[in-house]
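**Q** Have a look at the structure that comes next, please.
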Amino acid sequence: MEPQIIKSVETMQETAASLRQMGHTIGFVPTMGYLHQGHLRLVEVAKENCSKVVVSIFVNPTQFGPKEDFNRYPRDPEGDIIKLKEKDVDIVFMPEADDMYPEGFQTVISVKELTKGLCGASRPGHFDGVATVVCKLFNIVKPHIAVFGQKDYQQLTVISRMVRDLNMDVEIVGVPTVRESDGLAMSSRNSYLHPEERESARSLYGAILMAQRMVEKGERDVSYIIKELEGFILSHRHTRIDYVKIVDPDDLEELSEIKGDSLLAMAVYVGSTRLIDNSILKID
Ligand code: AMP
């Protein structure tokens with residue numbers, strides 16, 4: 001069946017309320033559209049857990065910095081709706097920015113500590129934009145379960161913290177990163193890559209494998225591992241490192257020595273495209 005397309009915030013709120021009244025459980029997948037297999041995997045998980053699935057498509061202006069790619073972010077609403085129909089999604093919520101942020105809007109949700117490092121350091125204000133829009137979307141869509149990708153590990157951590165801190169009545173589910181056959185994490189932004197850059201983009205997954213091998217072999221010195229990974233990434237053409245860090249997977253604080261399972265998190269420019277990837281480095 002065709003999914004119901006809802007553009008108005010008010011209609012979405014009323015629809016969610018009546019679904020709840022009828023006894024449905026609502027699974028929610030927030031996205032910025034230009035959907036790929038990673039997004040669709042989140043939809044499957046929502047479907048497995050709930051009787052109704054809502055997917056939002058909203059390129060949220062407040063999470064982009066002034067010099068970032070808001071205007072050129074890829075958009076394909078018709079193609080997205082076809083993909084969501086194939087996954088039997090019940091409702092596609094596609095609000096307008098003016099309806100989400102009407103005149104006079106002034107409330108911001110800020111998760112303080114978890115947003116200081118990693119992408120929070122390179123993208124000031126980004127996670128305020130994310131936390132605020134996700135909080136609004138939760139109030140509009142009223143989900144029982146909301147599904148997020150581990151590809152955006154810091155985002156998943158920030159949202160989980162917000163939900164705990166503000167006693168939001170929604171369960172957050174994280175889903176492992178879906179990758180291309182050569183390991184590149186799927187991302188709407190991969191569409192920016194020229195063929196030569198696409199080759200170099202493999203270096204992020206290459207670095208993950210390299211780090212895992214080093215840790216398996218007993219290497220525990222974080223600065224040594226990072227130096228090796230950076231050298232490897234920079235040996236590929238068109239790459240420029242934003243950050244390569246190894247942090248505690250819970251509080252995202254930087255580590256100097258690997259003592260337990262640790263998170264390798266990276267942001268790398270390939271040409272002008274900023275790609276992120278991460279992986280938990282397991283010690284046996
Ligand atoms: P975006 O449209 O990029 O804002 O992403 C929407 C949701 O899809 C977020 O929860 C992302 O973490 C998730 N996501 C994006 N790429 C992937 C991927 N390759 N594998 C799994 N989840 C993903």
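For the structure tokens, the naming scheme is as follows: chains receive sequential letters (A, B, ...) according to their order of presentation, residues are indexed from 1 within each chain, and ligands are indexed from 1 in presentation order.
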Enumerate as number ranges by chain all residues of range 65-224 of chain A assigned to strand (DSSP E or B) by DSSP on the backbone, naming them with the chain letters and numbers the document uses.
**A** A: 91-93, 145-149, 171-175, 179, 185, 221
**Q** Residues within 12 Å of Arg41 in chain A, please, as a ChimeraX atom specification. Count only C-alpha atoms; anything in the same chain fewer than 6 positions from it doesn't count.
**A** /A:29,35,47-48,83-84,87,147-150,174-179,186
**Q** Could those selected residues go to a file with N, CA, C and O atoms, as a PDB file, in the first residue's frame?
**A**
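Okay, this is what ended up in selection32.pdb:
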ATOM      1  N   VAL A  29      11.567   6.347  12.427  1.00  0.00           N
ATOM      2  CA  VAL A  29      12.910   6.475  11.865  1.00  0.00           C
ATOM      3  C   VAL A  29      13.086   7.896  11.332  1.00  0.00           C
ATOM      4  O   VAL A  29      12.565   8.226  10.255  1.00  0.00           O
ATOM      5  N   LEU A  35      17.433   8.358   0.571  1.00  0.00           N
ATOM      6  CA  LEU A  35      17.525   7.118   1.339  1.00  0.00           C
ATOM      7  C   LEU A  35      18.389   6.052   0.658  1.00  0.00           C
ATOM      8  O   LEU A  35      18.392   5.925  -0.564  1.00  0.00           O
ATOM      9  N   LYS A  47       9.933  -1.889  11.892  1.00  0.00           N
ATOM     10  CA  LYS A  47       8.820  -2.758  11.473  1.00  0.00           C
ATOM     11  C   LYS A  47       8.737  -4.023  12.340  1.00  0.00           C
ATOM     12  O   LYS A  47       7.656  -4.481  12.691  1.00  0.00           O
ATOM     13  N   GLU A  48       9.935  -4.580  12.634  1.00  0.00           N
ATOM     14  CA  GLU A  48       9.963  -5.804  13.453  1.00  0.00           C
ATOM     15  C   GLU A  48       9.414  -5.561  14.856  1.00  0.00           C
ATOM     16  O   GLU A  48       8.974  -6.486  15.529  1.00  0.00           O
ATOM     17  N   LYS A  83      10.909   3.902  -2.321  1.00  0.00           N
ATOM     18  CA  LYS A  83      11.664   2.944  -1.485  1.00  0.00           C
ATOM     19  C   LYS A  83      10.898   2.612  -0.207  1.00  0.00           C
ATOM     20  O   LYS A  83      10.889   1.471   0.250  1.00  0.00           O
ATOM     21  N   LEU A  84      10.249   3.621   0.364  1.00  0.00           N
ATOM     22  CA  LEU A  84       9.533   3.400   1.627  1.00  0.00           C
ATOM     23  C   LEU A  84       8.258   2.590   1.397  1.00  0.00           C
ATOM     24  O   LEU A  84       7.853   1.803   2.252  1.00  0.00           O
ATOM     25  N   LYS A  87       9.040  -0.963   1.439  1.00  0.00           N
ATOM     26  CA  LYS A  87       9.272  -1.474   2.810  1.00  0.00           C
ATOM     27  C   LYS A  87       7.990  -1.429   3.640  1.00  0.00           C
ATOM     28  O   LYS A  87       8.046  -1.616   4.863  1.00  0.00           O
ATOM     29  N   VAL A 147      14.458   4.524  16.003  1.00  0.00           N
ATOM     30  CA  VAL A 147      15.607   3.750  15.549  1.00  0.00           C
ATOM     31  C   VAL A 147      16.648   4.675  14.921  1.00  0.00           C
ATOM     32  O   VAL A 147      16.322   5.504  14.058  1.00  0.00           O
ATOM     33  N   PHE A 148      17.899   4.514  15.375  1.00  0.00           N
ATOM     34  CA  PHE A 148      19.012   5.348  14.898  1.00  0.00           C
ATOM     35  C   PHE A 148      20.173   4.453  14.486  1.00  0.00           C
ATOM     36  O   PHE A 148      20.344   3.350  15.002  1.00  0.00           O
ATOM     37  N   GLY A 149      21.021   4.950  13.582  1.00  0.00           N
ATOM     38  CA  GLY A 149      22.171   4.187  13.112  1.00  0.00           C
ATOM     39  C   GLY A 149      23.399   4.415  13.986  1.00  0.00           C
ATOM     40  O   GLY A 149      23.651   5.533  14.436  1.00  0.00           O
ATOM     41  N   GLN A 150      24.163   3.340  14.178  1.00  0.00           N
ATOM     42  CA  GLN A 150      25.435   3.484  14.905  1.00  0.00           C
ATOM     43  C   GLN A 150      26.478   4.206  14.058  1.00  0.00           C
ATOM     44  O   GLN A 150      27.517   4.607  14.550  1.00  0.00           O
ATOM     45  N   GLY A 174      19.607   1.235  18.593  1.00  0.00           N
ATOM     46  CA  GLY A 174      20.744   1.500  17.695  1.00  0.00           C
ATOM     47  C   GLY A 174      20.950   0.331  16.744  1.00  0.00           C
ATOM     48  O   GLY A 174      20.831  -0.825  17.144  1.00  0.00           O
ATOM     49  N   VAL A 175      21.261   0.635  15.498  1.00  0.00           N
ATOM     50  CA  VAL A 175      21.423  -0.403  14.466  1.00  0.00           C
ATOM     51  C   VAL A 175      22.831  -0.307  13.859  1.00  0.00           C
ATOM     52  O   VAL A 175      23.292   0.790  13.533  1.00  0.00           O
ATOM     53  N   PRO A 176      23.515  -1.468  13.732  1.00  0.00           N
ATOM     54  CA  PRO A 176      24.872  -1.461  13.170  1.00  0.00           C
ATOM     55  C   PRO A 176      24.944  -0.827  11.772  1.00  0.00           C
ATOM     56  O   PRO A 176      23.968  -0.879  11.009  1.00  0.00           O
ATOM     57  N   THR A 177      26.078  -0.259  11.471  1.00  0.00           N
ATOM     58  CA  THR A 177      26.297   0.440  10.204  1.00  0.00           C
ATOM     59  C   THR A 177      26.189  -0.502   9.004  1.00  0.00           C
ATOM     60  O   THR A 177      26.815  -1.568   8.989  1.00  0.00           O
ATOM     61  N   VAL A 178      25.430  -0.095   8.016  1.00  0.00           N
ATOM     62  CA  VAL A 178      25.331  -0.857   6.762  1.00  0.00           C
ATOM     63  C   VAL A 178      26.396  -0.315   5.809  1.00  0.00           C
ATOM     64  O   VAL A 178      26.528   0.905   5.642  1.00  0.00           O
ATOM     65  N   ARG A 179      27.150  -1.233   5.185  1.00  0.00           N
ATOM     66  CA  ARG A 179      28.298  -0.832   4.366  1.00  0.00           C
ATOM     67  C   ARG A 179      28.148  -1.284   2.916  1.00  0.00           C
ATOM     68  O   ARG A 179      27.451  -2.260   2.637  1.00  0.00           O
ATOM     69  N   MET A 186      27.568   3.325   4.148  1.00  0.00           N
ATOM     70  CA  MET A 186      26.593   4.004   3.281  1.00  0.00           C
ATOM     71  C   MET A 186      26.245   5.363   3.863  1.00  0.00           C
ATOM     72  O   MET A 186      26.122   5.516   5.079  1.00  0.00           O
TER      73      MET A 186
END
**Q** Between A:Leu114, A:Ile5, A:Leu234, A:Val130, single out the one closest to ligand 1, counting only C-alpha atoms and all ligand atoms.
**A**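 Ranking A:Leu114, A:Ile5, A:Leu234, A:Val130 by distance to ligand 1, first place goes to A:Val130.
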**Q** Where in range 108-216 of chain A does DSSP assign helix (DSSP H, G or I), given as a compact mmCIF listing (two decimals) with N, CA, C and O atoms, in the first residue's frame?
**A**
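Saved result, out-v4.txt, follows:
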# COMPACT_ATOMS: atom_id res chain seq x y z
N GLU A 113 28.07 17.59 27.91
CA GLU A 113 29.41 16.99 27.88
C GLU A 113 29.65 16.13 26.64
O GLU A 113 30.71 16.18 26.03
N LEU A 114 28.65 15.32 26.28
CA LEU A 114 28.84 14.36 25.19
C LEU A 114 29.06 15.04 23.84
O LEU A 114 29.46 14.40 22.88
N THR A 115 28.77 16.34 23.77
CA THR A 115 28.88 17.02 22.47
C THR A 115 30.15 17.87 22.37
O THR A 115 30.34 18.58 21.40
N LEU A 118 34.81 15.11 19.32
CA LEU A 118 34.47 14.48 18.03
C LEU A 118 33.75 15.47 17.10
O LEU A 118 34.22 16.59 16.92
N CYS A 119 32.60 15.08 16.55
CA CYS A 119 31.91 15.97 15.60
C CYS A 119 31.43 17.25 16.27
O CYS A 119 31.29 18.28 15.61
N GLY A 120 31.17 17.19 17.58
CA GLY A 120 30.74 18.40 18.29
C GLY A 120 31.79 19.48 18.27
O GLY A 120 31.47 20.68 18.21
N ALA A 121 33.07 19.07 18.31
CA ALA A 121 34.15 20.04 18.29
C ALA A 121 34.30 20.66 16.90
O ALA A 121 34.58 21.86 16.76
N SER A 122 34.12 19.86 15.85
CA SER A 122 34.31 20.40 14.49
C SER A 122 33.05 21.07 13.95
O SER A 122 33.13 21.80 12.98
N HIS A 126 26.00 21.86 16.05
CA HIS A 126 25.37 20.77 15.30
C HIS A 126 24.46 19.93 16.20
O HIS A 126 23.29 19.69 15.86
N PHE A 127 24.97 19.50 17.35
CA PHE A 127 24.17 18.59 18.17
C PHE A 127 23.04 19.30 18.90
O PHE A 127 22.06 18.65 19.27
N ASP A 128 23.15 20.61 19.10
CA ASP A 128 21.99 21.35 19.62
C ASP A 128 20.86 21.26 18.59
O ASP A 128 19.70 21.04 18.93
N GLY A 129 21.23 21.44 17.33
CA GLY A 129 20.24 21.35 16.26
C GLY A 129 19.63 19.96 16.20
O GLY A 129 18.40 19.81 16.06
N VAL A 130 20.48 18.94 16.33
CA VAL A 130 19.99 17.55 16.25
C VAL A 130 19.09 17.24 17.44
O VAL A 130 17.97 16.73 17.28
N ALA A 131 19.55 17.55 18.66
CA ALA A 131 18.77 17.20 19.86
C ALA A 131 17.42 17.92 19.83
O ALA A 131 16.38 17.34 20.15
N THR A 132 17.45 19.18 19.44
CA THR A 132 16.21 19.96 19.44
C THR A 132 15.22 19.40 18.41
O THR A 132 14.04 19.22 18.71
N VAL A 133 15.70 19.12 17.21
CA VAL A 133 14.75 18.63 16.19
C VAL A 133 14.24 17.23 16.54
O VAL A 133 13.07 16.92 16.32
N VAL A 134 15.11 16.40 17.11
CA VAL A 134 14.66 15.04 17.46
C VAL A 134 13.64 15.11 18.60
O VAL A 134 12.63 14.40 18.57
N CYS A 135 13.86 16.00 19.56
CA CYS A 135 12.87 16.18 20.63
C CYS A 135 11.53 16.63 20.05
O CYS A 135 10.47 16.10 20.40
N LYS A 136 11.58 17.59 19.14
CA LYS A 136 10.34 18.05 18.49
C LYS A 136 9.67 16.90 17.74
O LYS A 136 8.46 16.68 17.86
N LEU A 137 10.47 16.16 16.97
CA LEU A 137 9.90 15.05 16.20
C LEU A 137 9.27 14.01 17.12
O LEU A 137 8.21 13.45 16.81
N PHE A 138 9.89 13.75 18.27
CA PHE A 138 9.31 12.79 19.22
C PHE A 138 7.95 13.31 19.72
O PHE A 138 7.01 12.54 19.88
N ASN A 139 7.87 14.60 19.98
CA ASN A 139 6.60 15.16 20.47
C ASN A 139 5.52 15.16 19.38
O ASN A 139 4.34 15.14 19.67
N ILE A 140 5.95 15.19 18.13
CA ILE A 140 4.99 15.22 17.02
C ILE A 140 4.56 13.80 16.63
O ILE A 140 3.38 13.52 16.44
N VAL A 141 5.54 12.89 16.55
CA VAL A 141 5.27 11.53 16.05
C VAL A 141 4.87 10.57 17.17
O VAL A 141 4.28 9.52 16.93
N GLN A 150 24.16 3.34 14.18
CA GLN A 150 25.44 3.48 14.90
C GLN A 150 26.48 4.21 14.06
O GLN A 150 27.52 4.61 14.55
N LYS A 151 26.20 4.35 12.78
CA LYS A 151 27.09 5.12 11.90
C LYS A 151 27.32 6.51 12.50
O LYS A 151 28.42 7.06 12.43
N ASP A 152 26.23 7.10 13.06
CA ASP A 152 26.35 8.39 13.74
C ASP A 152 26.39 8.11 15.24
O ASP A 152 25.43 8.38 15.96
N TYR A 153 27.50 7.53 15.68
CA TYR A 153 27.57 6.99 17.04
C TYR A 153 27.36 8.09 18.08
O TYR A 153 26.65 7.91 19.07
N GLN A 154 28.01 9.24 17.85
CA GLN A 154 27.88 10.33 18.83
C GLN A 154 26.43 10.81 18.90
O GLN A 154 25.89 11.07 19.98
N GLN A 155 25.78 10.89 17.75
CA GLN A 155 24.37 11.29 17.71
C GLN A 155 23.50 10.32 18.52
O GLN A 155 22.65 10.74 19.32
N LEU A 156 23.74 9.02 18.33
CA LEU A 156 22.98 8.00 19.06
C LEU A 156 23.20 8.16 20.57
O LEU A 156 22.25 8.06 21.36
N THR A 157 24.44 8.43 20.96
CA THR A 157 24.76 8.61 22.38
C THR A 157 24.07 9.86 22.93
O THR A 157 23.52 9.84 24.04
N VAL A 158 24.10 10.93 22.16
CA VAL A 158 23.49 12.21 22.59
C VAL A 158 21.97 12.05 22.75
O VAL A 158 21.38 12.49 23.74
N ILE A 159 21.34 11.39 21.78
CA ILE A 159 19.88 11.20 21.84
C ILE A 159 19.50 10.31 23.02
O ILE A 159 18.54 10.57 23.75
N SER A 160 20.28 9.25 23.24
CA SER A 160 20.00 8.35 24.37
C SER A 160 20.10 9.11 25.68
O SER A 160 19.28 8.93 26.58
N ARG A 161 21.11 9.99 25.78
CA ARG A 161 21.29 10.80 27.01
C ARG A 161 20.11 11.76 27.19
O ARG A 161 19.57 11.89 28.28
N MET A 162 19.72 12.42 26.11
CA MET A 162 18.60 13.36 26.18
C MET A 162 17.34 12.65 26.67
O MET A 162 16.62 13.17 27.54
N VAL A 163 17.08 11.46 26.12
CA VAL A 163 15.87 10.72 26.48
C VAL A 163 15.89 10.34 27.96
O VAL A 163 14.88 10.48 28.66
N ARG A 164 17.08 9.94 28.45
CA ARG A 164 17.18 9.59 29.88
C ARG A 164 17.04 10.85 30.73
O ARG A 164 16.28 10.88 31.68
N ASP A 165 17.77 11.90 30.35
CA ASP A 165 17.79 13.11 31.18
C ASP A 165 16.42 13.77 31.26
O ASP A 165 16.06 14.35 32.29
N SER A 188 24.27 9.32 2.50
CA SER A 188 23.72 10.14 1.42
C SER A 188 24.83 10.99 0.81
O SER A 188 24.81 11.30 -0.38
N ARG A 189 25.80 11.36 1.63
CA ARG A 189 26.88 12.23 1.14
C ARG A 189 27.86 11.50 0.22
O ARG A 189 28.66 12.15 -0.44
N ASN A 190 27.81 10.16 0.16
CA ASN A 190 28.71 9.45 -0.77
C ASN A 190 28.42 9.87 -2.21
O ASN A 190 29.28 9.75 -3.08
N SER A 191 27.20 10.38 -2.46
CA SER A 191 26.85 10.79 -3.82
C SER A 191 27.66 11.99 -4.28
O SER A 191 27.72 12.30 -5.46
N TYR A 192 28.30 12.70 -3.34
CA TYR A 192 29.16 13.84 -3.73
C TYR A 192 30.48 13.38 -4.33
O TYR A 192 31.18 14.16 -4.98
N PRO A 195 34.73 9.64 -8.91
CA PRO A 195 35.27 8.28 -8.91
C PRO A 195 36.61 8.14 -8.18
O PRO A 195 36.81 7.21 -7.40
N GLU A 196 37.52 9.09 -8.40
CA GLU A 196 38.83 8.99 -7.74
C GLU A 196 38.70 9.16 -6.22
O GLU A 196 39.39 8.51 -5.43
N GLU A 197 37.79 10.05 -5.82
CA GLU A 197 37.56 10.26 -4.39
C GLU A 197 36.91 9.03 -3.77
O GLU A 197 37.19 8.66 -2.63
N ARG A 198 36.03 8.40 -4.54
CA ARG A 198 35.35 7.19 -4.04
C ARG A 198 36.36 6.12 -3.68
O ARG A 198 36.21 5.40 -2.68
N GLU A 199 37.43 6.01 -4.51
CA GLU A 199 38.52 5.07 -4.20
C GLU A 199 39.15 5.39 -2.86
O GLU A 199 39.35 4.53 -2.01
N SER A 200 39.46 6.69 -2.67
CA SER A 200 40.15 7.11 -1.44
C SER A 200 39.25 6.97 -0.21
O SER A 200 39.74 6.81 0.91
N ALA A 201 37.93 7.03 -0.44
CA ALA A 201 36.99 6.93 0.68
C ALA A 201 37.07 5.57 1.36
O ALA A 201 36.69 5.42 2.53
N ARG A 202 37.61 4.59 0.63
CA ARG A 202 37.77 3.26 1.23
C ARG A 202 38.74 3.28 2.39
O ARG A 202 38.77 2.35 3.20
N SER A 203 39.57 4.33 2.46
CA SER A 203 40.60 4.37 3.50
C SER A 203 40.00 4.41 4.91
O SER A 203 40.63 3.99 5.87
N LEU A 204 38.77 4.91 5.05
CA LEU A 204 38.17 4.95 6.39
C LEU A 204 37.94 3.53 6.92
O LEU A 204 38.31 3.22 8.05
N TYR A 205 37.34 2.70 6.07
CA TYR A 205 37.12 1.31 6.51
C TYR A 205 38.45 0.58 6.64
O TYR A 205 38.65 -0.23 7.55
N GLY A 206 39.38 0.90 5.73
CA GLY A 206 40.72 0.32 5.82
C GLY A 206 41.35 0.64 7.17
O GLY A 206 41.98 -0.22 7.81
N ALA A 207 41.15 1.85 7.64
CA ALA A 207 41.72 2.26 8.93
C ALA A 207 41.06 1.50 10.08
O ALA A 207 41.72 1.13 11.06
N ILE A 208 39.75 1.25 9.95
CA ILE A 208 39.05 0.47 10.99
C ILE A 208 39.66 -0.93 11.08
O ILE A 208 39.98 -1.42 12.16
N LEU A 209 39.85 -1.57 9.91
CA LEU A 209 40.41 -2.93 9.91
C LEU A 209 41.82 -2.93 10.48
O LEU A 209 42.21 -3.81 11.25
N MET A 210 42.58 -1.88 10.11
CA MET A 210 43.97 -1.77 10.58
C MET A 210 43.98 -1.64 12.11
O MET A 210 44.78 -2.30 12.80
N ALA A 211 43.12 -0.80 12.65
CA ALA A 211 43.07 -0.59 14.10
C ALA A 211 42.68 -1.88 14.80
O ALA A 211 43.27 -2.25 15.83
N GLN A 212 41.69 -2.57 14.23
CA GLN A 212 41.26 -3.83 14.86
C GLN A 212 42.40 -4.84 14.90
O GLN A 212 42.62 -5.50 15.91
N ARG A 213 43.17 -4.89 13.78
CA ARG A 213 44.31 -5.82 13.74
C ARG A 213 45.35 -5.45 14.79
O ARG A 213 45.89 -6.30 15.49
N MET A 214 45.64 -4.15 14.89
CA MET A 214 46.66 -3.70 15.86
C MET A 214 46.25 -4.07 17.28
O MET A 214 47.06 -4.55 18.07
N VAL A 215 44.97 -3.84 17.59
CA VAL A 215 44.49 -4.12 18.96
C VAL A 215 44.50 -5.63 19.21
O VAL A 215 44.91 -6.09 20.28
N GLU A 216 44.10 -6.40 18.18
CA GLU A 216 44.13 -7.87 18.33
C GLU A 216 45.54 -8.37 18.62
O GLU A 216 45.75 -9.31 19.36
**Q** Between CA of Ser8 in chain A and CA of Ser56 in chain A, measure the distance and give it in Å to one decimal.
**A**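 Going from CA of Ser8 in chain A over to CA of Ser56 in chain A covers 11.8 Å.
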**Q** Using only C-alpha atoms and all ligand atoms, which of A:Pro74, A:Pro66, A:Gly23, A:Gly271 sits nearest ligand 1?
**A**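 Of all the options, A:Pro74 lies closest to ligand 1.
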**Q** Ranking A:Thr11, A:Met168, A:Leu275, A:Glu228 by minimum distance to Leu184 in chain A and counting only C-alpha atoms, which one comes first?
**A**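 Residue with the minimum atom-to-atom distance to Leu184 in chain A: A:Leu275.
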**Q** Would you list the contacts of Asp242 in chain A as an MDAnalysis selection string, taking every protein, DNA or RNA residue within 7 Å and counting only C-alpha atoms, but skipping same-chain residues closer than 2 positions in sequence?
**A** chainID A and resid 240 267:269
**Q** Could those residues be written to a file, using N, CA and C atoms, as a PDB file, in the first residue's frame?
**A**
ATOM      1  N   ARG A 240      41.933  14.498   3.781  1.00  0.00           N
ATOM      2  CA  ARG A 240      42.367  15.477   4.788  1.00  0.00           C
ATOM      3  C   ARG A 240      41.641  15.093   6.075  1.00  0.00           C
ATOM      4  N   ALA A 267      36.533  11.442  11.330  1.00  0.00           N
ATOM      5  CA  ALA A 267      35.909  12.283  10.309  1.00  0.00           C
ATOM      6  C   ALA A 267      37.029  12.672   9.351  1.00  0.00           C
ATOM      7  N   VAL A 268      36.817  12.409   8.080  1.00  0.00           N
ATOM      8  CA  VAL A 268      37.860  12.636   7.073  1.00  0.00           C
ATOM      9  C   VAL A 268      37.236  13.342   5.872  1.00  0.00           C
ATOM     10  N   TYR A 269      37.869  14.420   5.434  1.00  0.00           N
ATOM     11  CA  TYR A 269      37.446  15.039   4.180  1.00  0.00           C
ATOM     12  C   TYR A 269      38.052  14.251   3.037  1.00  0.00           C
TER      13      TYR A 269
END
**Q** List the spatial neighbours of Ile91 in chain A as a ChimeraX atom specification - criterion: any atom at most 6 Å away, only C-alpha atoms, same-chain residues fewer than 3 positions off excluded.
**A** /A:3-5,54
**Q** Hey, what's within 10 Å of Glu257 in chain A if we count only C-alpha atoms and toss same-chain stuff fewer than 3 positions away? As a list of chain:residue names, please?
**A**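 My reading of the contact set: A:Glu219, A:Arg220, A:Asp221, A:Val222, A:Ser223, A:Tyr224, A:Ile225, A:Ile246, A:Val247, A:Glu254, A:Gly260, A:Ser262.
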**Q** Since we have the selection now, will you write its residues out, keeping all heavy atoms, as a compact mmCIF listing (two decimals), in the first residue's frame?
**A**
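The new file selection_15.txt reads:
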# COMPACT_ATOMS: atom_id res chain seq x y z
N GLU A 219 48.49 -4.24 20.65
CA GLU A 219 48.86 -2.82 20.75
C GLU A 219 47.84 -2.08 21.62
O GLU A 219 46.64 -2.22 21.43
CB GLU A 219 48.92 -2.20 19.34
CG GLU A 219 49.41 -0.77 19.30
CD GLU A 219 50.79 -0.60 19.93
OE1 GLU A 219 51.75 -1.20 19.45
OE2 GLU A 219 50.88 0.13 20.94
N ARG A 220 48.31 -1.29 22.57
CA ARG A 220 47.41 -0.60 23.51
C ARG A 220 47.65 0.91 23.55
O ARG A 220 46.92 1.64 24.21
CB ARG A 220 47.58 -1.17 24.93
CG ARG A 220 47.17 -2.63 25.08
CD ARG A 220 45.67 -2.80 24.95
NE ARG A 220 45.24 -4.19 25.07
CZ ARG A 220 45.00 -4.99 24.02
NH1 ARG A 220 45.15 -4.54 22.78
NH2 ARG A 220 44.59 -6.23 24.22
N ASP A 221 48.72 1.36 22.87
CA ASP A 221 49.12 2.78 22.93
C ASP A 221 48.29 3.57 21.90
O ASP A 221 48.49 3.45 20.69
CB ASP A 221 50.62 2.85 22.62
CG ASP A 221 51.14 4.28 22.64
OD1 ASP A 221 50.32 5.22 22.59
OD2 ASP A 221 52.37 4.44 22.70
N VAL A 222 47.37 4.39 22.41
CA VAL A 222 46.42 5.06 21.53
C VAL A 222 47.11 6.03 20.58
O VAL A 222 46.82 6.07 19.38
CB VAL A 222 45.31 5.77 22.37
CG1 VAL A 222 44.54 6.77 21.53
CG2 VAL A 222 44.36 4.74 22.97
N SER A 223 48.08 6.81 21.09
CA SER A 223 48.69 7.79 20.17
C SER A 223 49.47 7.10 19.05
O SER A 223 49.49 7.59 17.92
CB SER A 223 49.54 8.84 20.90
OG SER A 223 50.40 8.21 21.78
N TYR A 224 50.07 5.95 19.35
CA TYR A 224 50.77 5.20 18.31
C TYR A 224 49.78 4.68 17.25
O TYR A 224 49.98 4.84 16.05
CB TYR A 224 51.56 4.04 18.92
CG TYR A 224 52.23 3.18 17.88
CD1 TYR A 224 53.34 3.65 17.17
CD2 TYR A 224 51.72 1.92 17.55
CE1 TYR A 224 53.94 2.87 16.19
CE2 TYR A 224 52.30 1.13 16.58
CZ TYR A 224 53.42 1.62 15.89
OH TYR A 224 54.00 0.85 14.92
N ILE A 225 48.67 4.11 17.74
CA ILE A 225 47.66 3.57 16.80
C ILE A 225 47.15 4.70 15.90
O ILE A 225 47.07 4.57 14.67
CB ILE A 225 46.48 2.91 17.56
CG1 ILE A 225 46.97 1.71 18.37
CG2 ILE A 225 45.37 2.49 16.59
CD1 ILE A 225 45.93 1.09 19.30
N ILE A 246 40.34 7.82 19.55
CA ILE A 246 39.89 6.61 20.24
C ILE A 246 39.37 7.05 21.60
O ILE A 246 40.08 7.72 22.36
CB ILE A 246 41.03 5.58 20.35
CG1 ILE A 246 41.40 5.10 18.93
CG2 ILE A 246 40.61 4.39 21.23
CD1 ILE A 246 42.54 4.11 18.86
N VAL A 247 38.10 6.74 21.86
CA VAL A 247 37.42 7.28 23.04
C VAL A 247 36.68 6.17 23.80
O VAL A 247 36.47 5.08 23.26
CB VAL A 247 36.40 8.39 22.64
CG1 VAL A 247 37.09 9.54 21.92
CG2 VAL A 247 35.26 7.83 21.78
N GLU A 254 38.41 11.01 25.55
CA GLU A 254 39.57 10.46 24.86
C GLU A 254 40.38 9.54 25.77
O GLU A 254 40.53 9.81 26.96
CB GLU A 254 40.46 11.61 24.36
CG GLU A 254 39.87 12.27 23.14
CD GLU A 254 40.77 13.34 22.56
OE1 GLU A 254 42.00 13.14 22.54
OE2 GLU A 254 40.23 14.36 22.12
N GLY A 260 39.86 -1.54 27.63
CA GLY A 260 38.66 -2.35 27.40
C GLY A 260 38.14 -2.00 26.02
O GLY A 260 38.84 -1.33 25.24
N SER A 262 36.84 -0.09 23.10
CA SER A 262 37.03 1.36 22.89
C SER A 262 36.44 1.73 21.55
O SER A 262 36.35 0.90 20.64
CB SER A 262 38.53 1.69 22.89
OG SER A 262 39.15 1.17 24.04
**Q** I'd like the interatomic distance between CA of Asp169 in chain A and CA of His144 in chain A, to a tenth of an Å.
**A**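 So the answer is 7.2 Å.
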**Q** What is the distance, in Å and to one decimal place, between CA of Gly33 in chain A and CA of Arg123 in chain A?
**A**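 Interatomic distance, CA of Gly33 in chain A to CA of Arg123 in chain A: 20.6 Å.
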**Q** Nearest to Asp248 in chain A: which of A:Ile226, A:Ile280, A:Met1, A:Met266 is it, counting only C-alpha atoms?
**A**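 Closest to Asp248 in chain A of all the choices is A:Ile280.
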**Q** A:Leu42, A:Ile26, A:Ala17, A:Met12: which is nearest ligand 1, counting only C-alpha atoms and all ligand atoms?
**A** A:Leu42
**Q** Counting only C-alpha atoms and all ligand atoms, which residue out of A:Arg75, A:Lys7, A:Lys142, A:Lys52 sits closest to ligand 1?
**A** A:Arg75
